[in-house]
>>> print(open('data-v3.cif').read())   # mmCIF, C-alpha atoms
data_start
#
loop_
_atom_site.label_atom_id
_atom_site.label_comp_id
_atom_site.auth_asym_id
_atom_site.auth_seq_id
_atom_site.Cartn_x
_atom_site.Cartn_y
_atom_site.Cartn_z
CA MET A 1 23.68 -15.13 15.27
CA ALA A 2 21.04 -15.14 18.01
CA THR A 3 21.39 -17.65 20.82
CA ASP A 4 18.89 -20.52 20.75
CA ILE A 5 16.93 -20.31 23.99
CA SER A 6 14.18 -22.75 22.98
CA SER A 7 15.74 -25.33 25.32
CA HIS A 8 17.86 -25.02 28.43
CA THR A 9 20.54 -27.37 29.82
CA LYS A 10 22.40 -27.37 33.12
CA SER A 11 25.02 -29.68 34.63
CA VAL A 12 24.59 -31.20 38.08
CA TYR A 13 26.89 -33.07 40.46
CA LEU A 14 25.16 -35.39 42.93
CA THR A 15 26.65 -34.96 46.39
CA ALA A 16 26.06 -37.20 49.39
CA ALA A 17 23.66 -34.62 50.85
CA LEU A 18 21.39 -35.10 47.83
CA CYS A 19 21.33 -38.92 48.00
CA ASN A 20 18.99 -41.41 49.64
CA ALA A 21 19.92 -44.54 51.60
CA GLN A 22 20.55 -46.39 48.32
CA LEU A 23 23.12 -43.74 47.28
CA GLU A 24 20.86 -42.52 44.46
CA MET A 25 19.02 -39.30 43.75
CA PRO A 26 15.68 -39.62 45.57
CA MET A 27 12.38 -38.64 44.00
CA PRO A 28 11.93 -35.42 46.05
CA VAL A 29 15.34 -34.18 44.87
CA LEU A 30 14.50 -35.07 41.27
CA THR A 31 11.19 -33.20 41.41
CA GLN A 32 12.90 -30.17 42.95
CA MET A 33 15.49 -30.16 40.15
CA VAL A 34 12.66 -30.39 37.63
CA ILE A 35 10.94 -27.38 39.19
CA ASP A 36 14.20 -25.41 39.38
CA ILE A 37 15.21 -25.90 35.75
CA ALA A 38 11.67 -25.16 34.56
CA THR A 39 11.79 -21.92 36.57
CA GLU A 40 15.18 -21.00 35.10
CA HIS A 41 14.01 -21.60 31.54
CA ALA A 42 10.76 -19.69 32.08
CA ASN A 43 12.81 -16.71 33.28
CA ILE A 44 15.09 -16.95 30.23
CA LEU A 45 12.00 -16.94 27.97
CA ASN A 46 10.45 -14.03 29.91
CA ILE A 47 7.44 -16.10 30.92
CA GLY A 48 8.48 -16.52 34.55
CA TYR A 49 7.41 -15.08 37.87
CA ALA A 50 8.62 -11.53 37.16
CA ARG A 51 6.27 -11.27 34.18
CA LEU A 52 3.31 -13.17 35.62
CA VAL A 53 3.24 -11.22 38.87
CA THR A 54 2.58 -8.01 36.92
CA SER A 55 -0.70 -9.64 35.85
CA GLY A 56 -1.44 -10.93 39.34
CA ALA A 57 -0.72 -14.50 38.27
CA ALA A 58 1.68 -17.30 39.19
CA TRP A 59 2.68 -20.67 37.75
CA VAL A 60 1.36 -23.75 39.55
CA LEU A 61 2.56 -27.29 38.89
CA SER A 62 -0.37 -29.59 38.11
CA ARG A 63 1.26 -32.93 37.22
CA ILE A 64 4.65 -34.63 37.12
CA THR A 65 5.26 -37.89 35.25
CA VAL A 66 8.66 -39.54 35.68
CA ASP A 67 10.03 -42.47 33.65
CA MET A 68 13.61 -43.34 34.63
CA ASN A 69 15.91 -46.02 33.25
CA ARG A 70 17.99 -45.34 36.35
CA PHE A 71 18.56 -42.53 38.81
CA PRO A 72 21.89 -40.69 39.07
CA HIS A 73 24.24 -42.15 41.67
CA TYR A 74 26.34 -40.59 44.41
CA ASN A 75 29.41 -38.75 43.07
CA GLU A 76 27.99 -38.72 39.52
CA SER A 77 27.77 -35.74 37.19
CA PHE A 78 24.83 -35.52 34.80
CA SER A 79 22.86 -32.96 32.82
CA ILE A 80 19.23 -31.84 32.74
CA THR A 81 17.61 -30.37 29.62
CA THR A 82 14.17 -28.80 29.43
CA TRP A 83 11.90 -27.45 26.69
CA ILE A 84 8.23 -26.60 26.19
CA ILE A 85 6.05 -29.21 24.48
CA SER A 86 2.75 -27.36 24.26
CA LEU A 87 0.80 -24.32 25.39
CA ASN A 88 -2.93 -23.66 25.14
CA ARG A 89 -5.52 -21.60 26.98
CA PHE A 90 -5.63 -23.92 29.98
CA TYR A 91 -2.16 -25.38 30.53
CA SER A 92 1.39 -25.76 29.26
CA GLU A 93 3.40 -28.98 29.07
CA ARG A 94 7.14 -29.09 29.58
CA ALA A 95 9.65 -31.89 28.96
CA ILE A 96 12.78 -32.63 31.00
CA ARG A 97 15.50 -35.12 30.03
CA PHE A 98 18.24 -36.48 32.29
CA ASP A 99 21.50 -37.57 30.59
CA ASP A 100 24.68 -39.07 32.01
CA GLU A 101 28.15 -37.69 31.24
CA LYS A 102 28.40 -39.87 28.11
CA GLY A 103 25.11 -38.58 26.73
CA ASN A 104 23.09 -41.68 27.56
CA VAL A 105 19.49 -40.91 28.50
CA LEU A 106 18.76 -41.68 32.16
CA GLY A 107 15.09 -40.83 31.89
CA TYR A 108 12.37 -38.36 30.96
CA VAL A 109 9.95 -36.22 32.91
CA ARG A 110 6.75 -34.67 31.58
CA THR A 111 5.18 -31.81 33.54
CA THR A 112 1.93 -29.87 33.27
CA TRP A 113 1.67 -26.27 34.46
CA VAL A 114 -1.23 -23.87 34.87
CA ALA A 115 -1.22 -20.17 35.68
CA ILE A 116 -3.60 -19.02 38.39
CA ASP A 117 -4.87 -15.63 39.49
CA ILE A 118 -3.20 -15.17 42.86
CA LYS A 119 -6.19 -13.48 44.50
CA GLU A 120 -9.05 -15.41 42.89
CA ARG A 121 -7.19 -18.77 42.82
CA ARG A 122 -8.64 -19.35 39.35
CA PRO A 123 -6.86 -20.41 36.12
CA VAL A 124 -5.60 -17.69 33.79
CA ASN A 125 -5.83 -17.90 29.97
CA LEU A 126 -2.24 -18.63 28.87
CA VAL A 127 -2.83 -17.64 25.24
CA LYS A 128 -3.90 -14.16 26.34
CA LEU A 129 -1.09 -14.02 28.87
CA PHE A 130 1.55 -14.79 26.20
CA PRO A 131 0.11 -13.48 22.89
CA GLU A 132 3.55 -13.67 21.25
CA GLY A 133 3.63 -17.44 21.83
CA VAL A 134 6.50 -19.53 23.18
CA PRO A 135 9.23 -21.52 21.39
CA MET A 136 8.61 -25.27 21.08
CA PRO A 137 11.68 -26.99 19.62
CA ASP A 138 11.49 -30.25 17.66
CA ILE A 139 13.11 -32.50 20.29
CA GLU A 140 12.08 -36.11 20.81
CA MET A 141 9.84 -36.69 23.83
CA PRO A 142 8.89 -40.40 24.06
CA LEU A 143 7.01 -40.06 27.36
CA ALA A 144 3.36 -39.59 26.42
CA ALA A 145 0.72 -37.70 28.36
CA GLN A 146 -0.84 -39.98 30.95
CA VAL A 147 -4.45 -40.96 31.60
CA ARG A 148 -6.37 -40.38 34.83
CA ILE A 149 -4.82 -41.96 37.92
CA PRO A 150 -7.07 -44.74 39.32
CA LYS A 151 -8.67 -44.45 42.75
CA VAL A 152 -7.28 -46.25 45.77
CA GLU A 153 -9.24 -49.37 46.69
CA ALA A 154 -11.38 -49.53 49.81
CA ASP A 155 -8.98 -51.83 51.71
CA ALA A 156 -6.07 -49.40 51.49
CA GLY A 157 -3.60 -48.83 54.28
CA VAL A 158 -4.11 -45.37 55.82
CA ARG A 159 -1.97 -43.09 57.99
CA SER A 160 -2.37 -39.42 58.91
CA HIS A 161 -0.05 -36.41 58.76
CA THR A 162 -0.36 -32.77 59.78
CA PHE A 163 1.37 -30.16 57.62
CA LEU A 164 3.35 -27.62 59.64
CA THR A 165 5.50 -24.53 59.09
CA SER A 166 8.35 -26.14 57.15
CA ASP A 167 5.85 -27.72 54.72
CA ILE A 168 4.54 -24.37 53.44
CA ASP A 169 5.89 -22.62 50.33
CA CYS A 170 5.89 -19.02 49.06
CA ASN A 171 2.29 -19.36 47.86
CA ARG A 172 1.33 -20.25 51.44
CA HIS A 173 0.16 -23.73 50.60
CA VAL A 174 1.90 -27.11 50.98
CA ASN A 175 5.12 -27.40 48.99
CA THR A 176 5.06 -29.83 46.05
CA ASN A 177 7.86 -31.93 47.47
CA ARG A 178 6.12 -32.40 50.82
CA TYR A 179 3.44 -34.39 48.99
CA VAL A 180 6.13 -36.39 47.19
CA GLU A 181 7.88 -37.15 50.48
CA GLN A 182 4.65 -38.40 52.07
CA ILE A 183 4.03 -40.66 49.08
CA ILE A 184 7.57 -42.06 49.18
CA ASN A 185 7.17 -42.75 52.90
CA CYS A 186 4.30 -45.16 52.26
CA PHE A 187 6.94 -47.87 51.76
CA ASP A 188 9.68 -48.88 54.17
CA LEU A 189 13.44 -48.80 53.75
CA ASP A 190 13.72 -52.54 53.18
CA TYR A 191 11.35 -52.27 50.23
CA TYR A 192 13.47 -49.54 48.63
CA ASP A 193 16.62 -51.60 49.25
CA ALA A 194 15.04 -54.32 47.10
CA HIS A 195 13.19 -52.13 44.59
CA ARG A 196 13.71 -48.94 42.65
CA ILE A 197 11.12 -46.55 41.25
CA ALA A 198 10.80 -47.08 37.50
CA PHE A 199 7.74 -44.89 36.91
CA PHE A 200 6.18 -42.17 39.07
CA ASP A 201 3.10 -40.12 38.21
CA ILE A 202 1.63 -37.52 40.57
CA SER A 203 -1.35 -35.25 40.00
CA PHE A 204 -2.22 -32.26 42.19
CA HIS A 205 -5.95 -31.65 42.64
CA ALA A 206 -6.46 -29.26 45.55
CA GLU A 207 -4.12 -27.35 47.81
CA ALA A 208 -3.55 -28.27 51.44
CA LEU A 209 -2.74 -25.52 53.92
CA TYR A 210 -0.83 -24.96 57.13
CA GLY A 211 -2.12 -26.97 60.09
CA GLU A 212 -4.22 -29.24 57.89
CA LYS A 213 -4.40 -32.91 58.81
CA VAL A 214 -4.49 -35.26 55.82
CA ASN A 215 -4.87 -38.98 55.30
CA ILE A 216 -2.42 -40.85 53.08
CA SER A 217 -3.92 -44.05 51.62
CA HIS A 218 -2.15 -46.61 49.46
CA THR A 219 -2.47 -50.02 47.90
CA ILE A 220 0.22 -52.06 46.14
CA GLU A 221 -0.06 -55.16 43.96
CA ASN A 222 2.60 -56.73 41.75
CA GLU A 223 4.97 -53.81 42.43
CA ASN A 224 2.37 -51.28 41.23
CA ALA A 225 1.15 -48.79 43.85
CA VAL A 226 -1.68 -46.26 43.96
CA ILE A 227 -1.60 -43.48 46.57
CA GLU A 228 -4.03 -40.72 47.57
CA ILE A 229 -3.72 -37.79 49.96
CA THR A 230 -7.09 -36.48 51.16
CA ASP A 231 -8.08 -33.74 53.60
CA HIS A 232 -10.33 -34.05 56.67
CA ASN A 233 -13.41 -33.75 54.44
CA ASP A 234 -12.16 -36.59 52.19
CA LYS A 235 -11.43 -34.06 49.44
CA LEU A 236 -8.67 -35.33 47.15
CA CYS A 237 -5.51 -33.21 47.36
CA THR A 238 -3.05 -35.42 45.50
CA SER A 239 -3.04 -38.79 43.75
CA ALA A 240 -0.12 -40.83 42.45
CA ILE A 241 0.97 -44.12 41.00
CA ILE A 242 4.36 -45.78 41.35
CA ASN A 243 5.63 -48.71 39.31
CA PHE A 244 8.53 -50.41 41.06
CA ALA A 245 11.20 -52.65 39.56
CA GLU A 246 13.42 -55.11 41.37
CA ARG A 247 17.03 -54.05 41.83
#
>>> encode(input="data-v3.cif", output="structure tokens")
Amino acid sequence: MATDISSHTKSVYLTAALCNAQLEMPMPVLTQMVIDIATEHANILNIGYARLVTSGAAWVLSRITVDMNRFPHYNESFSITTWIISLNRFYSERAIRFDDEKGNVLGYVRTTWVAIDIKERRPVNLVKLFPEGVPMPDIEMPLAAQVRIPKVEADAGVRSHTFLTSDIDCNRHVNTNRYVEQIINCFDLDYYDAHRIAFFDISFHAEALYGEKVNISHTIENENAVIEITDHNDKLCTSAIINFAER
């Protein structure tokens, strides 16, 4: 009997090096694990980098939506499962579920991916790229696709940041997690001691490059935050919302 590769699961142990000050898995680590397991599954399905590069294309993450009941704690083992939800000409959606050792759901993540032509920096038609289609198993995914992220209000707090060598990834633009880190840093340690992230939604609009200075703007009201990262021409690079919950 053929092995079912329509979904992919891996086990993870959360060490101290992967924890934040609250002894939990921080958002940048979660997003990196999401990217890693998506990459692994794409390779298993033969729709990963090795195949795309032969067509001069590469996967690019467009959006990450995170809805967590709780984050894994220090010294905890848990599992991550991923599967493809949809694929059309323009983008593909992928689900990720986090479960504790007893099988209880810790949370869900919904991601949107596009393939771009590496030289032209333009989207590639996914249906033509994968004419054989991709498996989409019938697994529950309660986290729905999200609407457009609202704009930051005019009275937002603003700080600046310059992206340097360690911020740049293999595509020679700013690494996904460097945006996430800048968004997390909009709020101080005392706030995170009193609140946890319940919902996190980030959308990537335009790439930032090495040496680029950006502005990070944010507003927060009733534990709901809106954040934007814009370049020196006020072009929107990244936008996000965070819904916090009291600990």
>>> resolve_selection(input="data-v3.cif", expression="the PyMOL selection byres ((chain A and resi 90) around 9)", output="JSON, numbers by chain")
{"A": [87, 88, 89, 91, 92, 113, 114, 115, 123, 124, 125, 126, 127]}
>>> write_last_selection(input="data-v3.cif", atoms="C-alpha atoms", output="PDB file, in the frame of the given file")
ATOM      1  CA  LEU A  87       0.800 -24.320  25.390  1.00  0.00           C
ATOM      2  CA  ASN A  88      -2.930 -23.660  25.140  1.00  0.00           C
ATOM      3  CA  ARG A  89      -5.520 -21.600  26.980  1.00  0.00           C
ATOM      4  CA  TYR A  91      -2.160 -25.380  30.530  1.00  0.00           C
ATOM      5  CA  SER A  92       1.390 -25.760  29.260  1.00  0.00           C
ATOM      6  CA  TRP A 113       1.670 -26.270  34.460  1.00  0.00           C
ATOM      7  CA  VAL A 114      -1.230 -23.870  34.870  1.00  0.00           C
ATOM      8  CA  ALA A 115      -1.220 -20.170  35.680  1.00  0.00           C
ATOM      9  CA  PRO A 123      -6.860 -20.410  36.120  1.00  0.00           C
ATOM     10  CA  VAL A 124      -5.600 -17.690  33.790  1.00  0.00           C
ATOM     11  CA  ASN A 125      -5.830 -17.900  29.970  1.00  0.00           C
ATOM     12  CA  LEU A 126      -2.240 -18.630  28.870  1.00  0.00           C
ATOM     13  CA  VAL A 127      -2.830 -17.640  25.240  1.00  0.00           C
TER      14      VAL A 127
END
>>> atom_distance(input="data-v3.cif", atom1="atom CA of Ala58 of chain A", atom2="atom CA of Val29 of chain A")
22.4 Å
>>> residues_around(input="data-v3.cif", residues="segment 7-14 of chain A", least_positions_apart="4", cutoff="8 Å", atoms="all atoms listed in the file", output="PyMOL selection string")
chain A and resi 18-19+25+37+41+72-84+137
>>> atom_distance(input="data-v3.cif", atom1="atom CA of His218 of chain A", atom2="atom CA of Ile197 of chain A")
15.6 Å
>>> residues_near_point(input="data-v3.cif", point="(11.1, -42.6, 34.1)", cutoff="8 Å", atoms="all atoms listed in the file", output="mmCIF file with C-alpha atoms, in the frame of the given file")
data_model
loop_
_atom_site.group_PDB
_atom_site.id
_atom_site.type_symbol
_atom_site.label_atom_id
_atom_site.label_comp_id
_atom_site.auth_asym_id
_atom_site.auth_seq_id
_atom_site.Cartn_x
_atom_site.Cartn_y
_atom_site.Cartn_z
ATOM 1 C CA THR A 65 5.260 -37.890 35.250
ATOM 2 C CA VAL A 66 8.660 -39.540 35.680
ATOM 3 C CA ASP A 67 10.030 -42.470 33.650
ATOM 4 C CA MET A 68 13.610 -43.340 34.630
ATOM 5 C CA ASN A 69 15.910 -46.020 33.250
ATOM 6 C CA ARG A 70 17.990 -45.340 36.350
ATOM 7 C CA LEU A 106 18.760 -41.680 32.160
ATOM 8 C CA GLY A 107 15.090 -40.830 31.890
ATOM 9 C CA TYR A 108 12.370 -38.360 30.960
ATOM 10 C CA VAL A 109 9.950 -36.220 32.910
ATOM 11 C CA ALA A 198 10.800 -47.080 37.500
ATOM 12 C CA PHE A 199 7.740 -44.890 36.910
ATOM 13 C CA PHE A 200 6.180 -42.170 39.070
#
>>> residues_around(input="data-v3.cif", residues="Tyr191 of chain A", least_positions_apart="2", cutoff="12 Å", atoms="only C-alpha atoms", output="list in words")
Ala21, Gln22, Ile184, Asn185, Cys186, Phe187, Asp188, Leu189, Asp193, Ala194, His195, Arg196, Ile197, Ile220, Glu223, Phe244, Ala245, Glu246 and Arg247 of chain A
>>> atom_distance(input="data-v3.cif", atom1="atom CA of Arg172 of chain A", atom2="atom CA of Glu120 of chain A")
14.3 Å
>>> closest_residue(input="data-v3.cif", among="A:Arg178, A:Arg63, A:Arg121, A:Arg97", to="Phe163 of chain A", atoms="all atoms listed in the file")
A:Arg178
>>> build_atoms(input="data-v3.cif", residues="segment 27-53 of chain A", atoms="N, CA, C and O atoms", output="PDB file, in the coordinates of the input")
ATOM      1  N   MET A  27      13.422 -39.302  44.773  1.00  0.00           N
ATOM      2  CA  MET A  27      12.380 -38.640  44.000  1.00  0.00           C
ATOM      3  C   MET A  27      12.146 -37.186  44.413  1.00  0.00           C
ATOM      4  O   MET A  27      11.981 -36.324  43.546  1.00  0.00           O
ATOM      5  N   PRO A  28      12.129 -36.838  45.717  1.00  0.00           N
ATOM      6  CA  PRO A  28      11.930 -35.420  46.050  1.00  0.00           C
ATOM      7  C   PRO A  28      13.019 -34.511  45.498  1.00  0.00           C
ATOM      8  O   PRO A  28      12.742 -33.363  45.120  1.00  0.00           O
ATOM      9  N   VAL A  29      14.256 -34.991  45.444  1.00  0.00           N
ATOM     10  CA  VAL A  29      15.340 -34.180  44.870  1.00  0.00           C
ATOM     11  C   VAL A  29      15.141 -34.042  43.365  1.00  0.00           C
ATOM     12  O   VAL A  29      15.326 -32.969  42.789  1.00  0.00           O
ATOM     13  N   LEU A  30      14.748 -35.138  42.707  1.00  0.00           N
ATOM     14  CA  LEU A  30      14.500 -35.070  41.270  1.00  0.00           C
ATOM     15  C   LEU A  30      13.392 -34.065  40.965  1.00  0.00           C
ATOM     16  O   LEU A  30      13.534 -33.222  40.064  1.00  0.00           O
ATOM     17  N   THR A  31      12.283 -34.127  41.700  1.00  0.00           N
ATOM     18  CA  THR A  31      11.190 -33.200  41.410  1.00  0.00           C
ATOM     19  C   THR A  31      11.602 -31.757  41.688  1.00  0.00           C
ATOM     20  O   THR A  31      11.180 -30.844  40.962  1.00  0.00           O
ATOM     21  N   GLN A  32      12.434 -31.535  42.696  1.00  0.00           N
ATOM     22  CA  GLN A  32      12.900 -30.170  42.950  1.00  0.00           C
ATOM     23  C   GLN A  32      13.782 -29.670  41.814  1.00  0.00           C
ATOM     24  O   GLN A  32      13.684 -28.509  41.399  1.00  0.00           O
ATOM     25  N   MET A  33      14.651 -30.556  41.290  1.00  0.00           N
ATOM     26  CA  MET A  33      15.490 -30.160  40.150  1.00  0.00           C
ATOM     27  C   MET A  33      14.639 -29.865  38.924  1.00  0.00           C
ATOM     28  O   MET A  33      14.945 -28.938  38.157  1.00  0.00           O
ATOM     29  N   VAL A  34      13.581 -30.626  38.742  1.00  0.00           N
ATOM     30  CA  VAL A  34      12.660 -30.390  37.630  1.00  0.00           C
ATOM     31  C   VAL A  34      12.016 -29.008  37.755  1.00  0.00           C
ATOM     32  O   VAL A  34      11.943 -28.243  36.788  1.00  0.00           O
ATOM     33  N   ILE A  35      11.556 -28.680  38.957  1.00  0.00           N
ATOM     34  CA  ILE A  35      10.940 -27.380  39.190  1.00  0.00           C
ATOM     35  C   ILE A  35      11.947 -26.254  38.986  1.00  0.00           C
ATOM     36  O   ILE A  35      11.656 -25.225  38.364  1.00  0.00           O
ATOM     37  N   ASP A  36      13.171 -26.459  39.474  1.00  0.00           N
ATOM     38  CA  ASP A  36      14.200 -25.410  39.380  1.00  0.00           C
ATOM     39  C   ASP A  36      14.581 -25.118  37.942  1.00  0.00           C
ATOM     40  O   ASP A  36      14.678 -23.946  37.548  1.00  0.00           O
ATOM     41  N   ILE A  37      14.791 -26.157  37.127  1.00  0.00           N
ATOM     42  CA  ILE A  37      15.210 -25.900  35.750  1.00  0.00           C
ATOM     43  C   ILE A  37      14.061 -25.334  34.930  1.00  0.00           C
ATOM     44  O   ILE A  37      14.269 -24.498  34.031  1.00  0.00           O
ATOM     45  N   ALA A  38      12.833 -25.741  35.241  1.00  0.00           N
ATOM     46  CA  ALA A  38      11.670 -25.160  34.560  1.00  0.00           C
ATOM     47  C   ALA A  38      11.572 -23.666  34.891  1.00  0.00           C
ATOM     48  O   ALA A  38      11.275 -22.844  34.013  1.00  0.00           O
ATOM     49  N   THR A  39      11.823 -23.322  36.155  1.00  0.00           N
ATOM     50  CA  THR A  39      11.790 -21.920  36.570  1.00  0.00           C
ATOM     51  C   THR A  39      12.866 -21.113  35.864  1.00  0.00           C
ATOM     52  O   THR A  39      12.620 -19.996  35.370  1.00  0.00           O
ATOM     53  N   GLU A  40      14.081 -21.680  35.784  1.00  0.00           N
ATOM     54  CA  GLU A  40      15.180 -21.000  35.100  1.00  0.00           C
ATOM     55  C   GLU A  40      14.838 -20.732  33.637  1.00  0.00           C
ATOM     56  O   GLU A  40      15.053 -19.626  33.126  1.00  0.00           O
ATOM     57  N   HIS A  41      14.316 -21.756  32.961  1.00  0.00           N
ATOM     58  CA  HIS A  41      14.010 -21.600  31.540  1.00  0.00           C
ATOM     59  C   HIS A  41      12.865 -20.617  31.325  1.00  0.00           C
ATOM     60  O   HIS A  41      12.890 -19.816  30.368  1.00  0.00           O
ATOM     61  N   ALA A  42      11.859 -20.660  32.191  1.00  0.00           N
ATOM     62  CA  ALA A  42      10.760 -19.690  32.080  1.00  0.00           C
ATOM     63  C   ALA A  42      11.279 -18.267  32.224  1.00  0.00           C
ATOM     64  O   ALA A  42      10.849 -17.363  31.486  1.00  0.00           O
ATOM     65  N   ASN A  43      12.231 -18.048  33.116  1.00  0.00           N
ATOM     66  CA  ASN A  43      12.810 -16.710  33.280  1.00  0.00           C
ATOM     67  C   ASN A  43      13.595 -16.299  32.033  1.00  0.00           C
ATOM     68  O   ASN A  43      13.533 -15.140  31.603  1.00  0.00           O
ATOM     69  N   ILE A  44      14.339 -17.239  31.452  1.00  0.00           N
ATOM     70  CA  ILE A  44      15.090 -16.950  30.230  1.00  0.00           C
ATOM     71  C   ILE A  44      14.140 -16.544  29.098  1.00  0.00           C
ATOM     72  O   ILE A  44      14.426 -15.629  28.312  1.00  0.00           O
ATOM     73  N   LEU A  45      12.984 -17.205  29.030  1.00  0.00           N
ATOM     74  CA  LEU A  45      12.000 -16.940  27.970  1.00  0.00           C
ATOM     75  C   LEU A  45      11.089 -15.753  28.296  1.00  0.00           C
ATOM     76  O   LEU A  45      10.202 -15.416  27.498  1.00  0.00           O
ATOM     77  N   ASN A  46      11.289 -15.135  29.445  1.00  0.00           N
ATOM     78  CA  ASN A  46      10.450 -14.030  29.910  1.00  0.00           C
ATOM     79  C   ASN A  46       8.990 -14.450  30.057  1.00  0.00           C
ATOM     80  O   ASN A  46       8.063 -13.710  29.711  1.00  0.00           O
ATOM     81  N   ILE A  47       8.788 -15.651  30.585  1.00  0.00           N
ATOM     82  CA  ILE A  47       7.440 -16.100  30.920  1.00  0.00           C
ATOM     83  C   ILE A  47       7.412 -16.590  32.374  1.00  0.00           C
ATOM     84  O   ILE A  47       6.570 -17.403  32.748  1.00  0.00           O
ATOM     85  N   GLY A  48       8.348 -16.086  33.168  1.00  0.00           N
ATOM     86  CA  GLY A  48       8.480 -16.520  34.550  1.00  0.00           C
ATOM     87  C   GLY A  48       7.733 -15.635  35.530  1.00  0.00           C
ATOM     88  O   GLY A  48       6.875 -14.828  35.154  1.00  0.00           O
ATOM     89  N   TYR A  49       8.103 -15.778  36.783  1.00  0.00           N
ATOM     90  CA  TYR A  49       7.410 -15.080  37.870  1.00  0.00           C
ATOM     91  C   TYR A  49       7.388 -13.575  37.668  1.00  0.00           C
ATOM     92  O   TYR A  49       6.346 -12.927  37.880  1.00  0.00           O
ATOM     93  N   ALA A  50       8.529 -12.995  37.279  1.00  0.00           N
ATOM     94  CA  ALA A  50       8.620 -11.530  37.160  1.00  0.00           C
ATOM     95  C   ALA A  50       7.574 -10.979  36.200  1.00  0.00           C
ATOM     96  O   ALA A  50       7.027  -9.896  36.429  1.00  0.00           O
ATOM     97  N   ARG A  51       7.285 -11.730  35.133  1.00  0.00           N
ATOM     98  CA  ARG A  51       6.270 -11.270  34.180  1.00  0.00           C
ATOM     99  C   ARG A  51       4.864 -11.572  34.686  1.00  0.00           C
ATOM    100  O   ARG A  51       3.975 -10.726  34.604  1.00  0.00           O
ATOM    101  N   LEU A  52       4.651 -12.781  35.201  1.00  0.00           N
ATOM    102  CA  LEU A  52       3.310 -13.170  35.620  1.00  0.00           C
ATOM    103  C   LEU A  52       2.796 -12.319  36.778  1.00  0.00           C
ATOM    104  O   LEU A  52       1.601 -11.996  36.839  1.00  0.00           O
ATOM    105  N   VAL A  53       3.689 -11.948  37.695  1.00  0.00           N
ATOM    106  CA  VAL A  53       3.240 -11.220  38.870  1.00  0.00           C
ATOM    107  C   VAL A  53       2.680  -9.847  38.497  1.00  0.00           C
ATOM    108  O   VAL A  53       1.822  -9.297  39.206  1.00  0.00           O
TER     109      VAL A  53
END
